[in-house]
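Data block for model-v1.pdb (PDB, C-alpha atoms):
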ATOM      1  CA  MET A 189      -5.449  40.127 -11.264  1.00  0.00           C
ATOM      2  CA  LYS A 190      -2.158  38.352 -10.591  1.00  0.00           C
ATOM      3  CA  LEU A 191      -0.784  38.225  -7.058  1.00  0.00           C
ATOM      4  CA  LYS A 192       2.197  40.380  -8.009  1.00  0.00           C
ATOM      5  CA  GLU A 193      -0.026  43.109  -9.488  1.00  0.00           C
ATOM      6  CA  THR A 194      -2.343  42.956  -6.482  1.00  0.00           C
ATOM      7  CA  LEU A 195       0.542  43.449  -4.062  1.00  0.00           C
ATOM      8  CA  LEU A 196       2.179  46.194  -6.074  1.00  0.00           C
ATOM      9  CA  ASN A 197      -1.095  48.099  -6.303  1.00  0.00           C
ATOM     10  CA  SER A 198      -1.956  47.753  -2.624  1.00  0.00           C
ATOM     11  CA  GLN A 199      -1.411  50.764  -0.401  1.00  0.00           C
ATOM     12  CA  ALA A 200       0.047  48.627   2.379  1.00  0.00           C
ATOM     13  CA  PHE A 201       2.609  47.070   0.055  1.00  0.00           C
ATOM     14  CA  ASN A 202       3.767  50.396  -1.339  1.00  0.00           C
ATOM     15  CA  HIS A 203       4.404  51.796   2.140  1.00  0.00           C
ATOM     16  CA  LEU A 204       6.597  48.897   3.290  1.00  0.00           C
ATOM     17  CA  SER A 205      10.335  49.480   3.375  1.00  0.00           C
ATOM     18  CA  ILE A 206      12.776  47.008   1.851  1.00  0.00           C
ATOM     19  CA  GLU A 207      13.615  45.747   5.345  1.00  0.00           C
ATOM     20  CA  GLU A 208       9.945  45.335   6.241  1.00  0.00           C
ATOM     21  CA  LEU A 209       9.280  43.413   3.031  1.00  0.00           C
ATOM     22  CA  GLY A 210      11.961  40.920   3.982  1.00  0.00           C
ATOM     23  CA  ASN A 211      10.854  40.594   7.592  1.00  0.00           C
ATOM     24  CA  GLU A 212       7.252  40.039   6.540  1.00  0.00           C
ATOM     25  CA  HIS A 213       8.346  37.274   4.120  1.00  0.00           C
ATOM     26  CA  ILE A 214       6.350  38.768   1.283  1.00  0.00           C
ATOM     27  CA  GLY A 215       6.775  37.138  -2.094  1.00  0.00           C
ATOM     28  CA  THR A 216       5.625  38.960  -5.203  1.00  0.00           C
ATOM     29  CA  SER A 217       5.186  36.097  -7.665  1.00  0.00           C
ATOM     30  CA  PHE A 218       4.939  32.320  -7.974  1.00  0.00           C
ATOM     31  CA  ASP A 219       7.679  32.578 -10.599  1.00  0.00           C
ATOM     32  CA  THR A 220      11.218  33.059  -9.346  1.00  0.00           C
ATOM     33  CA  PRO A 221      12.127  36.713 -10.059  1.00  0.00           C
ATOM     34  CA  LEU A 222      14.738  36.500 -12.816  1.00  0.00           C
ATOM     35  CA  ARG A 223      16.052  39.034 -15.293  1.00  0.00           C
ATOM     36  CA  ALA A 224      15.594  38.343 -18.991  1.00  0.00           C
ATOM     37  CA  ASP A 225      19.380  38.041 -19.425  1.00  0.00           C
ATOM     38  CA  ALA A 226      19.848  35.732 -16.424  1.00  0.00           C
ATOM     39  CA  PHE A 227      21.564  32.956 -18.396  1.00  0.00           C
ATOM     40  CA  MET A 228      23.517  34.898 -20.999  1.00  0.00           C
ATOM     41  CA  MET A 229      26.600  34.713 -18.761  1.00  0.00           C
ATOM     42  CA  ASP A 230      28.262  31.301 -18.493  1.00  0.00           C
ATOM     43  CA  ASP A 231      28.870  29.634 -15.126  1.00  0.00           C
ATOM     44  CA  ASP A 232      32.650  30.140 -15.176  1.00  0.00           C
ATOM     45  CA  LEU A 233      32.251  33.896 -15.545  1.00  0.00           C
ATOM     46  CA  LYS A 234      29.602  33.974 -12.822  1.00  0.00           C
ATOM     47  CA  ILE A 235      31.986  32.175 -10.463  1.00  0.00           C
ATOM     48  CA  GLU A 236      34.797  34.587 -11.326  1.00  0.00           C
ATOM     49  CA  LEU A 237      32.627  37.666 -10.668  1.00  0.00           C
ATOM     50  CA  ILE A 238      31.013  36.323  -7.485  1.00  0.00           C
ATOM     51  CA  GLU A 239      34.474  35.444  -6.155  1.00  0.00           C
ATOM     52  CA  LYS A 240      35.641  39.019  -6.758  1.00  0.00           C
ATOM     53  CA  HIS A 241      32.602  40.590  -5.106  1.00  0.00           C
ATOM     54  CA  PHE A 242      32.593  38.202  -2.157  1.00  0.00           C
ATOM     55  CA  LYS A 243      36.261  39.014  -1.606  1.00  0.00           C
ATOM     56  CA  ASP A 244      35.212  42.680  -1.420  1.00  0.00           C
ATOM     57  CA  ILE A 245      32.527  41.820   1.142  1.00  0.00           C
ATOM     58  CA  MET A 246      35.029  39.961   3.312  1.00  0.00           C
ATOM     59  CA  HIS A 247      37.480  42.850   2.999  1.00  0.00           C
ATOM     60  CA  ILE A 248      34.798  45.361   4.059  1.00  0.00           C
ATOM     61  CA  LEU A 249      34.029  43.180   7.078  1.00  0.00           C
ATOM     62  CA  GLY A 250      37.667  43.510   8.088  1.00  0.00           C
ATOM     63  CA  LEU A 251      38.770  39.926   7.449  1.00  0.00           C
ATOM     64  CA  ASP A 252      42.377  39.156   6.573  1.00  0.00           C
ATOM     65  CA  LEU A 253      42.278  37.497   3.159  1.00  0.00           C
ATOM     66  CA  GLU A 254      45.952  36.584   3.431  1.00  0.00           C
ATOM     67  CA  ASP A 255      45.137  34.144   6.222  1.00  0.00           C
ATOM     68  CA  ASP A 256      45.495  30.528   5.061  1.00  0.00           C
ATOM     69  CA  SER A 257      42.002  29.670   6.324  1.00  0.00           C
ATOM     70  CA  LEU A 258      40.304  32.552   4.513  1.00  0.00           C
ATOM     71  CA  LYS A 259      42.185  33.078   1.246  1.00  0.00           C
ATOM     72  CA  GLY A 260      40.242  30.366  -0.602  1.00  0.00           C
ATOM     73  CA  THR A 261      36.831  31.308   0.832  1.00  0.00           C
ATOM     74  CA  PRO A 262      35.678  33.687  -1.957  1.00  0.00           C
ATOM     75  CA  ASN A 263      36.271  31.013  -4.599  1.00  0.00           C
ATOM     76  CA  ARG A 264      34.635  28.298  -2.492  1.00  0.00           C
ATOM     77  CA  VAL A 265      31.566  30.472  -1.914  1.00  0.00           C
ATOM     78  CA  ALA A 266      31.310  31.388  -5.599  1.00  0.00           C
ATOM     79  CA  LYS A 267      31.458  27.751  -6.736  1.00  0.00           C
ATOM     80  CA  MET A 268      28.967  26.752  -4.045  1.00  0.00           C
ATOM     81  CA  TYR A 269      26.493  29.441  -5.151  1.00  0.00           C
ATOM     82  CA  VAL A 270      26.630  28.593  -8.854  1.00  0.00           C
ATOM     83  CA  ASN A 271      27.157  24.813  -8.831  1.00  0.00           C
ATOM     84  CA  GLU A 272      25.274  23.804  -5.704  1.00  0.00           C
ATOM     85  CA  ILE A 273      22.878  25.809  -3.559  1.00  0.00           C
ATOM     86  CA  PHE A 274      21.564  28.078  -6.342  1.00  0.00           C
ATOM     87  CA  SER A 275      21.932  25.647  -9.249  1.00  0.00           C
ATOM     88  CA  GLY A 276      18.131  25.378  -9.481  1.00  0.00           C
ATOM     89  CA  LEU A 277      17.961  28.857 -10.967  1.00  0.00           C
ATOM     90  CA  ASN A 278      19.199  27.555 -14.300  1.00  0.00           C
ATOM     91  CA  PRO A 279      16.577  25.615 -16.292  1.00  0.00           C
ATOM     92  CA  LYS A 280      19.306  23.485 -17.861  1.00  0.00           C
ATOM     93  CA  ASN A 281      19.704  21.801 -14.461  1.00  0.00           C
ATOM     94  CA  ARG A 282      16.090  20.659 -14.262  1.00  0.00           C
ATOM     95  CA  PRO A 283      16.051  16.846 -14.073  1.00  0.00           C
ATOM     96  CA  GLU A 284      14.733  15.082 -17.126  1.00  0.00           C
ATOM     97  CA  ILE A 285      11.429  13.377 -16.397  1.00  0.00           C
ATOM     98  CA  LYS A 286      10.763  10.132 -18.237  1.00  0.00           C
ATOM     99  CA  LEU A 287       7.265   8.688 -17.981  1.00  0.00           C
ATOM    100  CA  PHE A 288       6.346   5.017 -18.078  1.00  0.00           C
ATOM    101  CA  GLU A 289       3.077   3.290 -18.823  1.00  0.00           C
ATOM    102  CA  ASN A 290       1.153   2.440 -15.682  1.00  0.00           C
ATOM    103  CA  LYS A 291       1.139  -1.289 -16.488  1.00  0.00           C
ATOM    104  CA  TYR A 292      -0.063  -2.256 -13.027  1.00  0.00           C
ATOM    105  CA  GLN A 293      -3.157  -0.093 -13.531  1.00  0.00           C
ATOM    106  CA  TYR A 294      -2.539   1.370 -10.087  1.00  0.00           C
ATOM    107  CA  ASN A 295      -5.090   4.166  -9.769  1.00  0.00           C
ATOM    108  CA  GLN A 296      -4.723   5.128  -6.107  1.00  0.00           C
ATOM    109  CA  MET A 297      -2.502   7.848  -4.722  1.00  0.00           C
ATOM    110  CA  LEU A 298       1.248   7.414  -4.578  1.00  0.00           C
ATOM    111  CA  VAL A 299       2.914   9.244  -1.708  1.00  0.00           C
ATOM    112  CA  GLU A 300       6.603  10.096  -1.423  1.00  0.00           C
ATOM    113  CA  LYS A 301       7.070  11.521   2.066  1.00  0.00           C
ATOM    114  CA  ASP A 302       9.865  13.006   4.158  1.00  0.00           C
ATOM    115  CA  ILE A 303      11.924  14.307   1.224  1.00  0.00           C
ATOM    116  CA  THR A 304      14.648  16.283   2.983  1.00  0.00           C
ATOM    117  CA  PHE A 305      15.686  19.522   1.270  1.00  0.00           C
ATOM    118  CA  PHE A 306      17.865  22.543   1.914  1.00  0.00           C
ATOM    119  CA  SER A 307      16.946  25.889   0.421  1.00  0.00           C
ATOM    120  CA  ASN A 308      17.746  29.534   1.130  1.00  0.00           C
ATOM    121  CA  CYS A 309      15.459  32.381   2.139  1.00  0.00           C
ATOM    122  CA  GLU A 310      15.513  35.012  -0.596  1.00  0.00           C
ATOM    123  CA  HIS A 311      15.222  37.832   1.947  1.00  0.00           C
ATOM    124  CA  HIS A 312      18.361  37.106   3.974  1.00  0.00           C
ATOM    125  CA  PHE A 313      20.102  34.286   2.057  1.00  0.00           C
ATOM    126  CA  VAL A 314      20.135  31.997   5.086  1.00  0.00           C
ATOM    127  CA  PRO A 315      19.032  28.340   5.023  1.00  0.00           C
ATOM    128  CA  ILE A 316      15.559  26.864   4.976  1.00  0.00           C
ATOM    129  CA  ILE A 317      15.678  23.244   6.150  1.00  0.00           C
ATOM    130  CA  GLY A 318      12.635  21.061   5.690  1.00  0.00           C
ATOM    131  CA  LYS A 319      10.795  18.026   4.474  1.00  0.00           C
ATOM    132  CA  ALA A 320       8.456  17.804   1.504  1.00  0.00           C
ATOM    133  CA  HIS A 321       5.617  15.304   1.159  1.00  0.00           C
ATOM    134  CA  VAL A 322       4.467  14.772  -2.425  1.00  0.00           C
ATOM    135  CA  ALA A 323       1.561  12.709  -3.754  1.00  0.00           C
ATOM    136  CA  TYR A 324      -0.049  12.140  -7.124  1.00  0.00           C
ATOM    137  CA  ILE A 325      -2.755  10.023  -8.713  1.00  0.00           C
ATOM    138  CA  SER A 326      -1.821   8.572 -12.092  1.00  0.00           C
ATOM    139  CA  THR A 327      -3.939   9.089 -15.186  1.00  0.00           C
ATOM    140  CA  GLY A 328      -2.026   6.417 -17.068  1.00  0.00           C
ATOM    141  CA  LYS A 329       1.640   7.378 -16.652  1.00  0.00           C
ATOM    142  CA  VAL A 330       4.074   6.931 -13.754  1.00  0.00           C
ATOM    143  CA  VAL A 331       7.568   8.197 -13.014  1.00  0.00           C
ATOM    144  CA  GLY A 332      10.613   6.783 -11.228  1.00  0.00           C
ATOM    145  CA  LEU A 333      10.431   7.678  -7.549  1.00  0.00           C
ATOM    146  CA  SER A 334      13.825   9.382  -7.475  1.00  0.00           C
ATOM    147  CA  LYS A 335      12.591  11.915 -10.045  1.00  0.00           C
ATOM    148  CA  ILE A 336      10.080  13.250  -7.529  1.00  0.00           C
ATOM    149  CA  ASN A 337      12.917  13.891  -5.083  1.00  0.00           C
ATOM    150  CA  ARG A 338      14.983  15.518  -7.820  1.00  0.00           C
ATOM    151  CA  ILE A 339      12.204  17.928  -8.751  1.00  0.00           C
ATOM    152  CA  VAL A 340      11.902  18.963  -5.102  1.00  0.00           C
ATOM    153  CA  GLN A 341      15.665  19.530  -4.906  1.00  0.00           C
ATOM    154  CA  PHE A 342      15.718  21.481  -8.188  1.00  0.00           C
ATOM    155  CA  TYR A 343      13.242  24.090  -6.967  1.00  0.00           C
ATOM    156  CA  ALA A 344      14.761  24.171  -3.484  1.00  0.00           C
ATOM    157  CA  LYS A 345      18.159  25.103  -4.916  1.00  0.00           C
ATOM    158  CA  ARG A 346      17.359  28.746  -5.485  1.00  0.00           C
ATOM    159  CA  PRO A 347      16.534  31.744  -3.282  1.00  0.00           C
ATOM    160  CA  GLN A 348      12.996  30.956  -2.161  1.00  0.00           C
ATOM    161  CA  VAL A 349       9.915  31.703  -0.146  1.00  0.00           C
ATOM    162  CA  GLN A 350       8.192  28.564   1.056  1.00  0.00           C
ATOM    163  CA  GLU A 351       4.827  29.325  -0.526  1.00  0.00           C
ATOM    164  CA  ARG A 352       6.436  29.697  -3.948  1.00  0.00           C
ATOM    165  CA  LEU A 353       8.487  26.525  -3.498  1.00  0.00           C
ATOM    166  CA  THR A 354       5.337  24.558  -2.687  1.00  0.00           C
ATOM    167  CA  VAL A 355       3.438  25.777  -5.754  1.00  0.00           C
ATOM    168  CA  GLN A 356       6.398  25.411  -8.124  1.00  0.00           C
ATOM    169  CA  ILE A 357       6.882  21.757  -7.175  1.00  0.00           C
ATOM    170  CA  ALA A 358       3.163  21.007  -7.514  1.00  0.00           C
ATOM    171  CA  ASN A 359       2.771  22.727 -10.878  1.00  0.00           C
ATOM    172  CA  ASP A 360       5.881  21.158 -12.399  1.00  0.00           C
ATOM    173  CA  LEU A 361       4.949  17.644 -11.264  1.00  0.00           C
ATOM    174  CA  SER A 362       1.375  18.082 -12.475  1.00  0.00           C
ATOM    175  CA  GLU A 363       2.623  19.049 -15.936  1.00  0.00           C
ATOM    176  CA  ALA A 364       5.380  16.420 -16.035  1.00  0.00           C
ATOM    177  CA  LEU A 365       3.135  13.564 -14.829  1.00  0.00           C
ATOM    178  CA  GLU A 366       0.245  14.633 -17.054  1.00  0.00           C
ATOM    179  CA  THR A 367      -2.153  14.583 -14.128  1.00  0.00           C
ATOM    180  CA  GLU A 368      -4.067  17.350 -12.411  1.00  0.00           C
ATOM    181  CA  SER A 369      -4.137  15.368  -9.148  1.00  0.00           C
ATOM    182  CA  VAL A 370      -1.016  16.408  -7.255  1.00  0.00           C
ATOM    183  CA  ALA A 371      -0.475  17.367  -3.620  1.00  0.00           C
ATOM    184  CA  VAL A 372       2.559  18.971  -2.005  1.00  0.00           C
ATOM    185  CA  ILE A 373       2.993  19.650   1.716  1.00  0.00           C
ATOM    186  CA  ILE A 374       6.143  21.297   3.062  1.00  0.00           C
ATOM    187  CA  ASP A 375       7.192  21.489   6.713  1.00  0.00           C
ATOM    188  CA  ALA A 376      10.293  23.631   7.191  1.00  0.00           C
ATOM    189  CA  GLN A 377      12.378  25.632   9.604  1.00  0.00           C
ATOM    190  CA  HIS A 378      13.620  29.041   8.512  1.00  0.00           C
ATOM    191  CA  LEU A 379      16.944  30.123   9.919  1.00  0.00           C
ATOM    192  CA  CYS A 380      16.032  33.756   9.206  1.00  0.00           C
ATOM    193  CA  VAL A 381      13.523  33.226  12.043  1.00  0.00           C
ATOM    194  CA  SER A 382      15.584  30.989  14.336  1.00  0.00           C
ATOM    195  CA  SER A 383      19.137  32.355  13.936  1.00  0.00           C
ATOM    196  CA  ARG A 384      18.347  36.083  13.647  1.00  0.00           C
ATOM    197  CA  GLY A 385      15.469  38.496  14.223  1.00  0.00           C
ATOM    198  CA  ILE A 386      12.992  36.938  16.644  1.00  0.00           C
ATOM    199  CA  LYS A 387      15.351  33.953  17.214  1.00  0.00           C
ATOM    200  CA  ASP A 388      12.549  31.452  17.717  1.00  0.00           C
ATOM    201  CA  VAL A 389      14.252  28.055  17.431  1.00  0.00           C
ATOM    202  CA  ASN A 390      11.085  25.981  17.881  1.00  0.00           C
ATOM    203  CA  SER A 391       8.679  27.284  15.264  1.00  0.00           C
ATOM    204  CA  LYS A 392       8.158  25.653  11.881  1.00  0.00           C
ATOM    205  CA  THR A 393       6.231  26.700   8.786  1.00  0.00           C
ATOM    206  CA  VAL A 394       3.810  24.385   6.982  1.00  0.00           C
ATOM    207  CA  THR A 395       2.471  25.070   3.476  1.00  0.00           C
ATOM    208  CA  SER A 396       0.389  22.979   1.110  1.00  0.00           C
ATOM    209  CA  HIS A 397      -0.922  22.973  -2.433  1.00  0.00           C
ATOM    210  CA  PHE A 398      -3.666  20.593  -3.558  1.00  0.00           C
ATOM    211  CA  LYS A 399      -4.770  20.046  -7.126  1.00  0.00           C
ATOM    212  CA  GLY A 400      -7.385  17.903  -8.826  1.00  0.00           C
ATOM    213  CA  LYS A 401      -8.720  15.013  -6.728  1.00  0.00           C
ATOM    214  CA  PHE A 402      -6.692  16.181  -3.743  1.00  0.00           C
ATOM    215  CA  GLU A 403      -9.048  19.135  -3.397  1.00  0.00           C
ATOM    216  CA  VAL A 404     -11.739  16.644  -2.315  1.00  0.00           C
ATOM    217  CA  GLU A 405     -11.882  16.387   1.473  1.00  0.00           C
ATOM    218  CA  LYS A 406     -12.016  12.570   1.533  1.00  0.00           C
ATOM    219  CA  THR A 407      -8.854  12.310  -0.582  1.00  0.00           C
ATOM    220  CA  LYS A 408      -7.107  14.855   1.623  1.00  0.00           C
ATOM    221  CA  GLU A 409      -7.984  12.839   4.712  1.00  0.00           C
ATOM    222  CA  GLU A 410      -6.564   9.699   3.144  1.00  0.00           C
ATOM    223  CA  LEU A 411      -3.328  11.558   2.367  1.00  0.00           C
ATOM    224  CA  PHE A 412      -3.154  12.911   5.912  1.00  0.00           C
ATOM    225  CA  SER A 413      -3.601   9.399   7.292  1.00  0.00           C
ATOM    226  CA  TYR A 414      -0.573   8.222   5.288  1.00  0.00           C
ATOM    227  CA  LEU A 415       1.433  11.161   6.605  1.00  0.00           C
ATOM    228  CA  LYS A 416       0.028  10.764  10.131  1.00  0.00           C
ATOM    229  CA  LEU A 417      -1.043  14.399  10.174  1.00  0.00           C
TER     230      LEU A 417
END

Using structure tokens, write down the structure that the file contains.
Amino acid sequence: MKLKETLLNSQAFNHLSIEELGNEHIGTSFDTPLRADAFMMDDDLKIELIEKHFKDIMHILGLDLEDDSLKGTPNRVAKMYVNEIFSGLNPKNRPEIKLFENKYQYNQMLVEKDITFFSNCEHHFVPIIGKAHVAYISTGKVVGLSKINRIVQFYAKRPQVQERLTVQIANDLSEALETESVAVIIDAQHLCVSSRGIKDVNSKTVTSHFKGKFEVEKTKEELFSYLKL
């Protein structure tokens, strides 16, 4: 049974309030929850509507939208949401991955570490700031290094939970690189933990997803040695 179905059918899940779901950082699927009509509206209309609704939010909060510093904020926020921090929601923004023949016959792991990313917690829409470490073992094809970073950024630029982000990166790279042997480790700080709620500024969250040869303990240890874990 899928994770989402398991959670929905569990007694504990059904008795959690909306607030408790967010505080417990429960995710219901490894796919980003999107409506079927998510991309029927063009970006310009999305920006126009978000601007209107964010203006309402600011008005409800009591802010003076005639103030020179604030009057452009709804439009700035709307453009930021659509064109920047949530641009990874739209599949058209996924970076194109071009594979090359592995002419060097390099058959050991390749590790791209300390990929800095900024994401947003889907429960409170506040930042997640972290580093991703990605590794793969070629089965005959390789990819430009910057494409690995771009895939990380693509999935980070959407409302996220860290577990989902980790799996999405691993699965996409595995498919794109035509190799089962992919590893992703993410070390991140969640501002929904440090700036609100418990307000713990020191804690970090680490998640990992290992596929193929990286499920073998010896290969994991080699990866950890590269990362100094």

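Interatomic distance, atom CA of A:Leu249 against atom CA of A:Val314: 17.9 Å.
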
Practice item. Taking the file as shown, find all residues satisfying the PyMOL selection byres ((chain A and resi 329) around 12) and write them as number ranges by chain. Key: A: 285-295, 324-328, 330-332, 362-367

Exercise for review: Please write as a PyMOL selection string the list of polymer residues whose atoms come within 12 Å of (5.2, 9.5, 3.5), counting all atoms listed in the file and keeping to the coordinates of the file.
Suggested key: chain A and resi 297-304+319-323+372-374+410-417

Exercise for review: Measure the distance from atom CA of A:Val394 to atom CA of A:Glu284 in Å and round it to one decimal.
Suggested key: 28.1 Å

Point to revise | Nearest candidate to A:Asp375 (options A:Val355, A:Ile317, A:Leu233, A:Ala224; using only C-alpha atoms) | key: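 When distances to A:Asp375 are compared using only C-alpha atoms, the smallest one comes from A:Ile317.
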
Using the chain letters and numbers from the file, give me the residues hit by the PyMOL selection byres ((chain A and resi 383-386) around 10), as a PDB file with C-alpha atoms, keeping the file's coordinate frame.
ATOM      1  CA  ASN A 211      10.854  40.594   7.592  1.00  0.00           C
ATOM      2  CA  HIS A 312      18.361  37.106   3.974  1.00  0.00           C
ATOM      3  CA  VAL A 314      20.135  31.997   5.086  1.00  0.00           C
ATOM      4  CA  PRO A 315      19.032  28.340   5.023  1.00  0.00           C
ATOM      5  CA  HIS A 378      13.620  29.041   8.512  1.00  0.00           C
ATOM      6  CA  LEU A 379      16.944  30.123   9.919  1.00  0.00           C
ATOM      7  CA  CYS A 380      16.032  33.756   9.206  1.00  0.00           C
ATOM      8  CA  VAL A 381      13.523  33.226  12.043  1.00  0.00           C
ATOM      9  CA  SER A 382      15.584  30.989  14.336  1.00  0.00           C
ATOM     10  CA  LYS A 387      15.351  33.953  17.214  1.00  0.00           C
ATOM     11  CA  ASP A 388      12.549  31.452  17.717  1.00  0.00           C
ATOM     12  CA  VAL A 389      14.252  28.055  17.431  1.00  0.00           C
TER      13      VAL A 389
END

Practice item. Report the distance between atom CA of A:Ala358 and atom CA of A:Arg223 in Å, rounded to one decimal place. Key: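 Those two atoms sit 23.5 Å apart.
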
Centre and size of axis-aligned box enclosing stretch 401-410 of chain A plus 6 Å each side, as lines of an AutoDock Vina configuration file:
center_x = -9.3
center_y = 14.4
center_z = -1.0
size_x = 17.5
size_y = 21.4
size_z = 23.4

As a tab-separated table (two decimals) with C-alpha atoms, in the frame of the given file, please: the residues near A:Glu236 (cut-off 10 Å, only C-alpha atoms, same-chain neighbours under 5 positions excluded).
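Heads up, here's the output in around.tsv:
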chain	number	residue	atom	x	y	z
A	231	ASP	CA	28.87	29.63	-15.13
A	241	HIS	CA	32.60	40.59	-5.11
A	262	PRO	CA	35.68	33.69	-1.96
A	263	ASN	CA	36.27	31.01	-4.60
A	266	ALA	CA	31.31	31.39	-5.60
A	267	LYS	CA	31.46	27.75	-6.74

Give me stretch 246-257 of chain A with N, CA and C atoms filled in, as a PDB file, keeping the file's coordinate frame.
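The result, written out as result-v9.pdb:
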ATOM      1  N   MET A 246      34.188  40.397   2.202  1.00  0.00           N
ATOM      2  CA  MET A 246      35.029  39.961   3.312  1.00  0.00           C
ATOM      3  C   MET A 246      36.013  41.051   3.716  1.00  0.00           C
ATOM      4  N   HIS A 247      36.544  41.761   2.719  1.00  0.00           N
ATOM      5  CA  HIS A 247      37.480  42.850   2.999  1.00  0.00           C
ATOM      6  C   HIS A 247      36.782  43.961   3.780  1.00  0.00           C
ATOM      7  N   ILE A 248      35.563  44.314   3.369  1.00  0.00           N
ATOM      8  CA  ILE A 248      34.798  45.361   4.059  1.00  0.00           C
ATOM      9  C   ILE A 248      34.504  44.960   5.497  1.00  0.00           C
ATOM     10  N   LEU A 249      34.285  43.672   5.718  1.00  0.00           N
ATOM     11  CA  LEU A 249      34.029  43.180   7.078  1.00  0.00           C
ATOM     12  C   LEU A 249      35.280  43.186   7.947  1.00  0.00           C
ATOM     13  N   GLY A 250      36.430  43.420   7.324  1.00  0.00           N
ATOM     14  CA  GLY A 250      37.667  43.510   8.088  1.00  0.00           C
ATOM     15  C   GLY A 250      38.446  42.216   8.176  1.00  0.00           C
ATOM     16  N   LEU A 251      38.086  41.214   7.390  1.00  0.00           N
ATOM     17  CA  LEU A 251      38.770  39.926   7.449  1.00  0.00           C
ATOM     18  C   LEU A 251      40.091  39.960   6.679  1.00  0.00           C
ATOM     19  N   ASP A 252      41.060  39.204   7.189  1.00  0.00           N
ATOM     20  CA  ASP A 252      42.377  39.156   6.573  1.00  0.00           C
ATOM     21  C   ASP A 252      42.402  38.055   5.517  1.00  0.00           C
ATOM     22  N   LEU A 253      42.339  38.460   4.253  1.00  0.00           N
ATOM     23  CA  LEU A 253      42.278  37.497   3.159  1.00  0.00           C
ATOM     24  C   LEU A 253      43.621  36.842   2.854  1.00  0.00           C
ATOM     25  N   GLU A 254      44.663  37.252   3.564  1.00  0.00           N
ATOM     26  CA  GLU A 254      45.952  36.584   3.431  1.00  0.00           C
ATOM     27  C   GLU A 254      46.063  35.390   4.366  1.00  0.00           C
ATOM     28  N   ASP A 255      45.132  35.274   5.291  1.00  0.00           N
ATOM     29  CA  ASP A 255      45.137  34.144   6.222  1.00  0.00           C
ATOM     30  C   ASP A 255      44.872  32.846   5.457  1.00  0.00           C
ATOM     31  N   ASP A 256      45.613  31.795   5.788  1.00  0.00           N
ATOM     32  CA  ASP A 256      45.495  30.528   5.061  1.00  0.00           C
ATOM     33  C   ASP A 256      44.076  29.974   5.092  1.00  0.00           C
ATOM     34  N   SER A 257      43.360  30.206   6.184  1.00  0.00           N
ATOM     35  CA  SER A 257      42.002  29.670   6.324  1.00  0.00           C
ATOM     36  C   SER A 257      40.988  30.429   5.484  1.00  0.00           C
TER      37      SER A 257
END
